>>> print(open('data.txt').read())   # compact mmCIF, C-alpha atoms
# COMPACT_ATOMS: atom_id res chain seq x y z
CA MET O 284 -13.82 8.57 4.54
CA ARG O 285 -17.00 10.39 5.57
CA ILE O 286 -19.69 7.86 6.48
CA LEU O 287 -23.38 8.17 7.30
CA VAL O 288 -24.29 5.73 10.08
CA LEU O 289 -27.90 4.60 10.51
CA GLY O 290 -29.07 2.60 13.52
CA GLY O 291 -26.23 4.06 15.54
CA THR O 292 -27.89 3.91 18.96
CA GLY O 293 -28.24 0.13 18.99
CA PRO O 294 -25.49 -2.14 20.33
CA SER O 295 -24.18 -3.04 16.87
CA GLY O 296 -24.38 0.55 15.66
CA ILE O 297 -22.37 1.85 18.60
CA LEU O 298 -19.65 -0.70 17.88
CA ILE O 299 -19.55 0.37 14.23
CA ILE O 300 -19.13 3.98 15.34
CA GLU O 301 -16.37 3.16 17.84
CA GLN O 302 -14.43 1.02 15.38
CA ALA O 303 -14.86 3.57 12.58
CA LEU O 304 -13.49 6.32 14.80
CA ALA O 305 -10.51 4.13 15.68
CA LEU O 306 -9.84 3.96 11.93
CA HIS O 307 -10.02 7.77 11.68
CA HIS O 308 -13.22 7.98 9.64
CA ALA O 309 -15.46 11.05 9.90
CA LEU O 310 -19.04 10.17 10.79
CA VAL O 311 -22.51 11.58 10.45
CA VAL O 312 -24.78 9.69 12.85
CA TYR O 313 -28.47 10.01 11.97
CA VAL O 314 -30.57 9.00 14.96
CA ARG O 315 -34.05 9.39 16.36
CA SER O 316 -32.84 9.67 19.98
CA PRO O 317 -29.40 11.32 20.25
CA GLN O 318 -29.49 11.03 24.04
CA LYS O 319 -28.98 7.28 23.66
CA LEU O 320 -25.49 7.82 22.24
CA PRO O 321 -22.58 7.60 24.73
CA ALA O 322 -20.93 10.90 25.58
CA THR O 323 -17.63 9.52 24.30
CA ILE O 324 -19.21 9.47 20.83
CA THR O 325 -21.13 12.74 20.86
CA ALA O 326 -18.10 14.64 22.22
CA ASN O 327 -15.81 13.34 19.47
CA PRO O 328 -14.98 16.11 16.96
CA ALA O 329 -15.09 13.56 14.11
CA VAL O 330 -18.78 12.89 14.80
CA SER O 331 -21.74 14.97 13.63
CA VAL O 332 -25.06 13.93 15.16
CA VAL O 333 -28.25 14.66 13.22
CA GLU O 334 -31.60 14.02 14.88
CA GLY O 335 -34.38 12.78 12.65
CA GLN O 336 -36.84 10.07 11.72
CA LEU O 337 -36.39 7.53 8.95
CA THR O 338 -39.45 9.05 7.30
CA ASP O 339 -38.09 12.61 7.21
CA LYS O 340 -36.92 13.23 3.63
CA ASP O 341 -35.38 16.65 4.22
CA LYS O 342 -33.43 15.74 7.34
CA LEU O 343 -32.11 12.55 5.78
CA LEU O 344 -31.07 14.53 2.71
CA ASP O 345 -29.16 16.99 4.89
CA ALA O 346 -27.51 14.20 6.87
CA MET O 347 -26.40 12.33 3.75
CA ASN O 348 -25.05 15.37 1.93
CA GLY O 349 -21.29 15.06 1.43
CA VAL O 350 -20.81 11.46 2.61
CA HIS O 351 -18.95 8.78 0.68
CA ALA O 352 -20.89 5.78 1.98
CA VAL O 353 -23.90 4.75 4.03
CA VAL O 354 -23.55 2.09 6.73
CA SER O 355 -26.68 0.77 8.40
CA ALA O 356 -27.26 -1.34 11.50
CA LEU O 357 -31.03 -0.89 11.22
CA GLY O 358 -33.09 -3.93 12.07
CA PRO O 359 -36.11 -5.01 14.10
CA ALA O 360 -35.45 -4.87 17.83
CA VAL O 361 -35.21 -8.43 19.16
CA LYS O 362 -37.30 -7.62 22.23
CA ASN O 363 -40.06 -6.21 20.01
CA GLY O 364 -40.02 -9.08 17.52
CA PRO O 365 -43.60 -10.35 18.07
CA PHE O 366 -44.92 -6.77 18.18
CA HIS O 367 -43.10 -5.36 15.16
CA PRO O 368 -45.43 -3.27 12.94
CA ALA O 369 -47.04 -5.12 10.07
CA ASN O 370 -46.46 -2.43 7.44
CA THR O 371 -42.73 -3.19 6.84
CA PRO O 372 -41.51 0.21 8.11
CA LEU O 373 -37.82 -0.58 7.72
CA ALA O 374 -38.21 -1.67 4.10
CA HIS O 375 -40.03 1.60 3.42
CA ALA O 376 -37.17 3.44 5.14
CA TYR O 377 -34.69 1.77 2.79
CA THR O 378 -36.74 2.96 -0.18
CA LEU O 379 -36.24 6.53 1.07
CA ILE O 380 -32.55 5.87 1.85
CA LEU O 381 -31.94 4.58 -1.68
CA ASP O 382 -33.86 7.47 -3.25
CA THR O 383 -31.77 9.93 -1.23
CA MET O 384 -28.55 8.19 -2.24
CA LYS O 385 -29.57 8.54 -5.89
CA LYS O 386 -30.28 12.26 -5.48
CA LEU O 387 -26.87 12.88 -3.90
CA ASP O 388 -24.91 10.40 -6.04
CA VAL O 389 -23.87 8.32 -3.02
CA LYS O 390 -23.16 4.86 -4.35
CA ARG O 391 -21.93 2.67 -1.47
CA LEU O 392 -24.31 0.98 1.01
CA ILE O 393 -23.45 -1.69 3.57
CA LEU O 394 -26.30 -2.90 5.71
CA LEU O 395 -27.26 -5.41 8.36
CA GLY O 396 -29.24 -8.39 7.13
CA THR O 397 -30.20 -11.79 8.52
CA ALA O 398 -30.46 -15.38 7.37
CA SER O 399 -34.14 -14.73 6.69
CA MET O 400 -32.97 -13.07 3.48
CA LYS O 401 -32.42 -16.00 1.15
CA ASP O 402 -29.57 -16.05 -1.33
CA GLU O 403 -29.09 -18.17 -4.42
CA ASN O 404 -25.69 -19.30 -3.11
CA ASP O 405 -27.12 -20.76 0.10
CA LYS O 406 -27.34 -24.51 0.58
CA PHE O 407 -29.55 -26.52 2.88
CA SER O 408 -28.77 -26.25 6.58
CA LEU O 409 -30.99 -27.83 9.21
CA GLN O 410 -29.80 -25.37 11.86
CA PHE O 411 -30.66 -22.34 9.78
CA THR O 412 -33.94 -23.84 8.61
CA VAL O 413 -34.98 -24.15 12.25
CA LEU O 414 -33.70 -20.67 13.16
CA VAL O 415 -35.40 -18.89 10.27
CA GLY O 416 -38.57 -20.94 10.68
CA GLY O 417 -38.78 -19.92 14.33
CA VAL O 418 -38.46 -16.24 13.47
CA ALA O 419 -41.04 -16.52 10.70
CA LEU O 420 -43.47 -18.20 13.10
CA PHE O 421 -43.00 -16.24 16.32
CA ALA O 422 -41.97 -12.82 14.95
CA HIS O 423 -43.68 -12.87 11.59
CA ASN O 424 -43.95 -9.11 11.06
CA ALA O 425 -40.25 -8.63 11.81
CA TYR O 426 -39.44 -11.54 9.46
CA LYS O 427 -41.60 -10.00 6.73
CA ASP O 428 -39.88 -6.62 7.12
CA VAL O 429 -36.40 -8.12 6.95
CA VAL O 430 -37.27 -10.09 3.82
CA ALA O 431 -38.70 -6.90 2.28
CA ILE O 432 -35.50 -5.01 3.10
CA GLY O 433 -33.51 -7.55 1.11
CA GLN O 434 -35.88 -7.31 -1.83
CA THR O 435 -35.81 -3.50 -1.76
CA VAL O 436 -32.03 -3.29 -1.72
CA ARG O 437 -31.54 -5.93 -4.40
CA ALA O 438 -33.95 -4.00 -6.64
CA ALA O 439 -31.90 -0.79 -6.33
CA ASP O 440 -30.43 0.92 -9.37
CA GLU O 441 -27.37 -0.77 -10.83
CA ASP O 442 -25.11 2.10 -9.80
CA VAL O 443 -25.77 1.40 -6.10
CA ILE O 444 -22.95 -0.76 -4.78
CA TRP O 445 -24.63 -2.60 -1.92
CA THR O 446 -23.50 -5.31 0.44
CA ILE O 447 -25.95 -7.07 2.74
CA ALA O 448 -24.04 -8.45 5.72
CA ARG O 449 -26.35 -11.25 6.82
CA VAL O 450 -25.83 -12.28 10.41
CA PRO O 451 -26.88 -15.32 12.45
CA LEU O 452 -27.43 -15.08 16.23
CA LEU O 453 -25.53 -12.08 17.58
CA THR O 454 -23.51 -12.27 20.79
CA GLU O 455 -21.85 -9.70 23.02
CA LYS O 456 -18.40 -11.32 22.92
CA PRO O 457 -15.51 -8.95 22.20
CA GLU O 458 -13.79 -11.06 19.53
CA LYS O 459 -13.63 -9.45 16.09
CA ASP O 460 -12.69 -12.53 14.05
CA PHE O 461 -15.18 -13.57 11.39
CA VAL O 462 -15.63 -15.71 8.31
CA ALA O 463 -17.78 -14.75 5.34
CA GLY O 464 -19.56 -17.21 3.09
CA TYR O 465 -23.03 -18.63 2.63
CA ILE O 466 -25.47 -20.79 4.55
CA GLY O 467 -24.64 -24.49 4.38
CA ASP O 468 -21.09 -24.02 3.06
CA ASP O 469 -19.50 -25.90 6.02
CA LYS O 470 -17.59 -22.72 6.86
CA THR O 471 -20.12 -20.39 8.42
CA GLY O 472 -21.89 -21.01 11.72
CA THR O 473 -24.88 -19.83 13.73
CA ARG O 474 -23.22 -17.20 15.93
CA LEU O 475 -21.38 -13.93 15.44
CA SER O 476 -20.24 -11.28 17.88
CA ARG O 477 -21.51 -7.76 17.30
CA ALA O 478 -17.89 -6.60 17.39
CA ALA O 479 -17.08 -8.95 14.50
CA PHE O 480 -20.08 -7.68 12.53
CA ALA O 481 -18.75 -4.14 12.92
CA ALA O 482 -15.28 -5.32 11.91
CA PHE O 483 -16.66 -6.91 8.74
CA VAL O 484 -18.56 -3.75 7.80
CA LEU O 485 -15.49 -1.54 8.11
CA LYS O 486 -13.23 -3.99 6.31
CA GLU O 487 -15.75 -4.25 3.48
CA LEU O 488 -15.73 -0.47 3.16
CA GLU O 489 -12.04 -0.70 2.37
CA THR O 490 -11.84 -3.89 0.31
CA ASN O 491 -15.19 -3.96 -1.56
CA GLU O 492 -14.92 -7.74 -1.69
CA TRP O 493 -18.66 -8.45 -1.50
CA CYS O 494 -20.20 -5.85 -3.81
CA ARG O 495 -23.82 -6.62 -4.73
CA LYS O 496 -23.64 -9.78 -2.65
CA ALA O 497 -25.23 -10.95 0.59
CA PRO O 498 -22.71 -13.10 2.45
CA LEU O 499 -23.46 -14.73 5.77
CA ILE O 500 -20.98 -13.54 8.39
CA SER O 501 -20.24 -15.74 11.38
CA SER O 502 -17.61 -16.47 13.97
CA PRO O 503 -14.90 -18.89 12.77
>>> encode(input="data.txt", output="structure tokens")
Amino acid sequence: MRILVLGGTGPSGILIIEQALALHHALVVYVRSPQKLPATITANPAVSVVEGQLTDKDKLLDAMNGVHAVVSALGPAVKNGPFHPANTPLAHAYTLILDTMKKLDVKRLILLGTASMKDENDKFSLQFTVLVGGVALFAHNAYKDVVAIGQTVRAADEDVIWTIARVPLLTEKPEKDFVAGYIGDDKTGTRLSRAAFAAFVLKELETNEWCRKAPLISSP
């Protein structure tokens, strides 16, 4: 499968790239700063790196041309949370991404989300209420952007087959095991390794188990 990867220079994006290559996918990695990619990735013949901004319509169109799916690890940087721009730049980027997918007839999108994106299948959880409330209070602009991403993707045309992989607190542990469900279901928890997030994304590309759904992914 030929996959367009967005957010590939972040820690989760790099793991998606590495695991996708191990599964013999061909990748187009669309990044603002190619120098942030490890040489082991840029030197791989299965990887095409395209430099561009999320606001550049023509470059994004070129990068997406010929792919079968779009996988995104885009999200507000944790360290910049309180200083995230107020104009929901990532949600606007997803508007352009979805428009470009429509132009090129690319139908599959799997993207990073968080528990700040509410879902009708969620139940009450004190832990998640505290977590999400803290983000909304101390990183309000980032929270607002994430919520807007969810709204933008859910409003996409019916022929877009999206999956929002909502994550709790991300860790650097190497384990790839995960469970998928919803907040408050007594199955999912408040932590997930980045490696397991990547593993879910690539499994979902193959199985299409969570089409037009927004499961919470966590460690078992």
>>> residues_around(input="data.txt", residues="Leu395 (chain O)", least_positions_apart="2", cutoff="7 Å", atoms="all atoms listed in the file", output="NGL selection string")
:O and (355-357 or 447-449)
>>> residues_around(input="data.txt", residues="Leu392 (chain O)", least_positions_apart="4", cutoff="8 Å", atoms="all atoms listed in the file", output="list in words")
Ala352, Val353, Val354, Ser355, Val443, Ile444, Trp445 and Thr446 of chain O
>>> closest_residue(input="data.txt", among="O:Phe411, O:Trp493, O:Tyr377, O:Tyr465", to="Leu289 (chain O)", atoms="all atoms listed in the file")
O:Tyr377
>>> atom_distance(input="data.txt", atom1="CA of Pro368 (chain O)", atom2="CA of Asn424 (chain O)")
6.3 Å
>>> atom_distance(input="data.txt", atom1="CA of Val350 (chain O)", atom2="CA of Leu453 (chain O)")
28.3 Å
>>> residues_near_point(input="data.txt", point="(-44.0, -10.4, 16.2)", cutoff="8 Å", atoms="all atoms listed in the file", output="MDAnalysis selection string")
chainID O and resid 363:368 421:425
>>> write_last_selection(input="data.txt", atoms="C-alpha atoms", output="PDB file, in the frame of the given file")
ATOM      1  CA  ASN O 363     -40.060  -6.210  20.010  1.00  0.00           C
ATOM      2  CA  GLY O 364     -40.020  -9.080  17.520  1.00  0.00           C
ATOM      3  CA  PRO O 365     -43.600 -10.350  18.070  1.00  0.00           C
ATOM      4  CA  PHE O 366     -44.920  -6.770  18.180  1.00  0.00           C
ATOM      5  CA  HIS O 367     -43.100  -5.360  15.160  1.00  0.00           C
ATOM      6  CA  PRO O 368     -45.430  -3.270  12.940  1.00  0.00           C
ATOM      7  CA  PHE O 421     -43.000 -16.240  16.320  1.00  0.00           C
ATOM      8  CA  ALA O 422     -41.970 -12.820  14.950  1.00  0.00           C
ATOM      9  CA  HIS O 423     -43.680 -12.870  11.590  1.00  0.00           C
ATOM     10  CA  ASN O 424     -43.950  -9.110  11.060  1.00  0.00           C
ATOM     11  CA  ALA O 425     -40.250  -8.630  11.810  1.00  0.00           C
TER      12      ALA O 425
END
>>> residues_around(input="data.txt", residues="Val484 (chain O)", least_positions_apart="4", cutoff="7 Å", atoms="all atoms listed in the file", output="PyMOL selection string")
chain O and resi 393+480+488
>>> atom_distance(input="data.txt", atom1="CA of Arg285 (chain O)", atom2="CA of Val311 (chain O)")
7.5 Å
>>> closest_residue(input="data.txt", among="O:Ala439, O:Ala303, O:Ala419, O:Val462", to="Glu489 (chain O)", atoms="only C-alpha atoms")
O:Ala303
>>> closest_residue(input="data.txt", among="O:Val429, O:Leu485, O:Leu306, O:Leu344", to="Lys401 (chain O)", atoms="only C-alpha atoms")
O:Val429
>>> residues_around(input="data.txt", residues="Gly467 (chain O)", least_positions_apart="3", cutoff="7 Å", atoms="all atoms listed in the file", output="ChimeraX atom specification")
/O:405-408
>>> closest_residue(input="data.txt", among="O:Val415, O:Val312, O:Ile286, O:Ile432", to="Leu373 (chain O)", atoms="all atoms listed in the file")
O:Ile432
>>> residues_around(input="data.txt", residues="region 381-384 of chain O", least_positions_apart="5", cutoff="8 Å", atoms="only C-alpha atoms", output="ChimeraX atom specification")
/O:340,343-344,347,389-390,436,439
>>> closest_residue(input="data.txt", among="O:Lys385, O:Gly290, O:Asn370, O:Pro321", to="Gln336 (chain O)", atoms="only C-alpha atoms")
O:Gly290
>>> closest_residue(input="data.txt", among="O:Ala497, O:Ile380, O:Ala374, O:Ala322", to="Leu287 (chain O)", atoms="all atoms listed in the file")
O:Ile380
>>> residues_near_point(input="data.txt", point="(-27.2, -16.7, 16.2)", cutoff="6 Å", atoms="only C-alpha atoms", output="VMD selection string")
chain O and resid 451 to 453 473 to 474
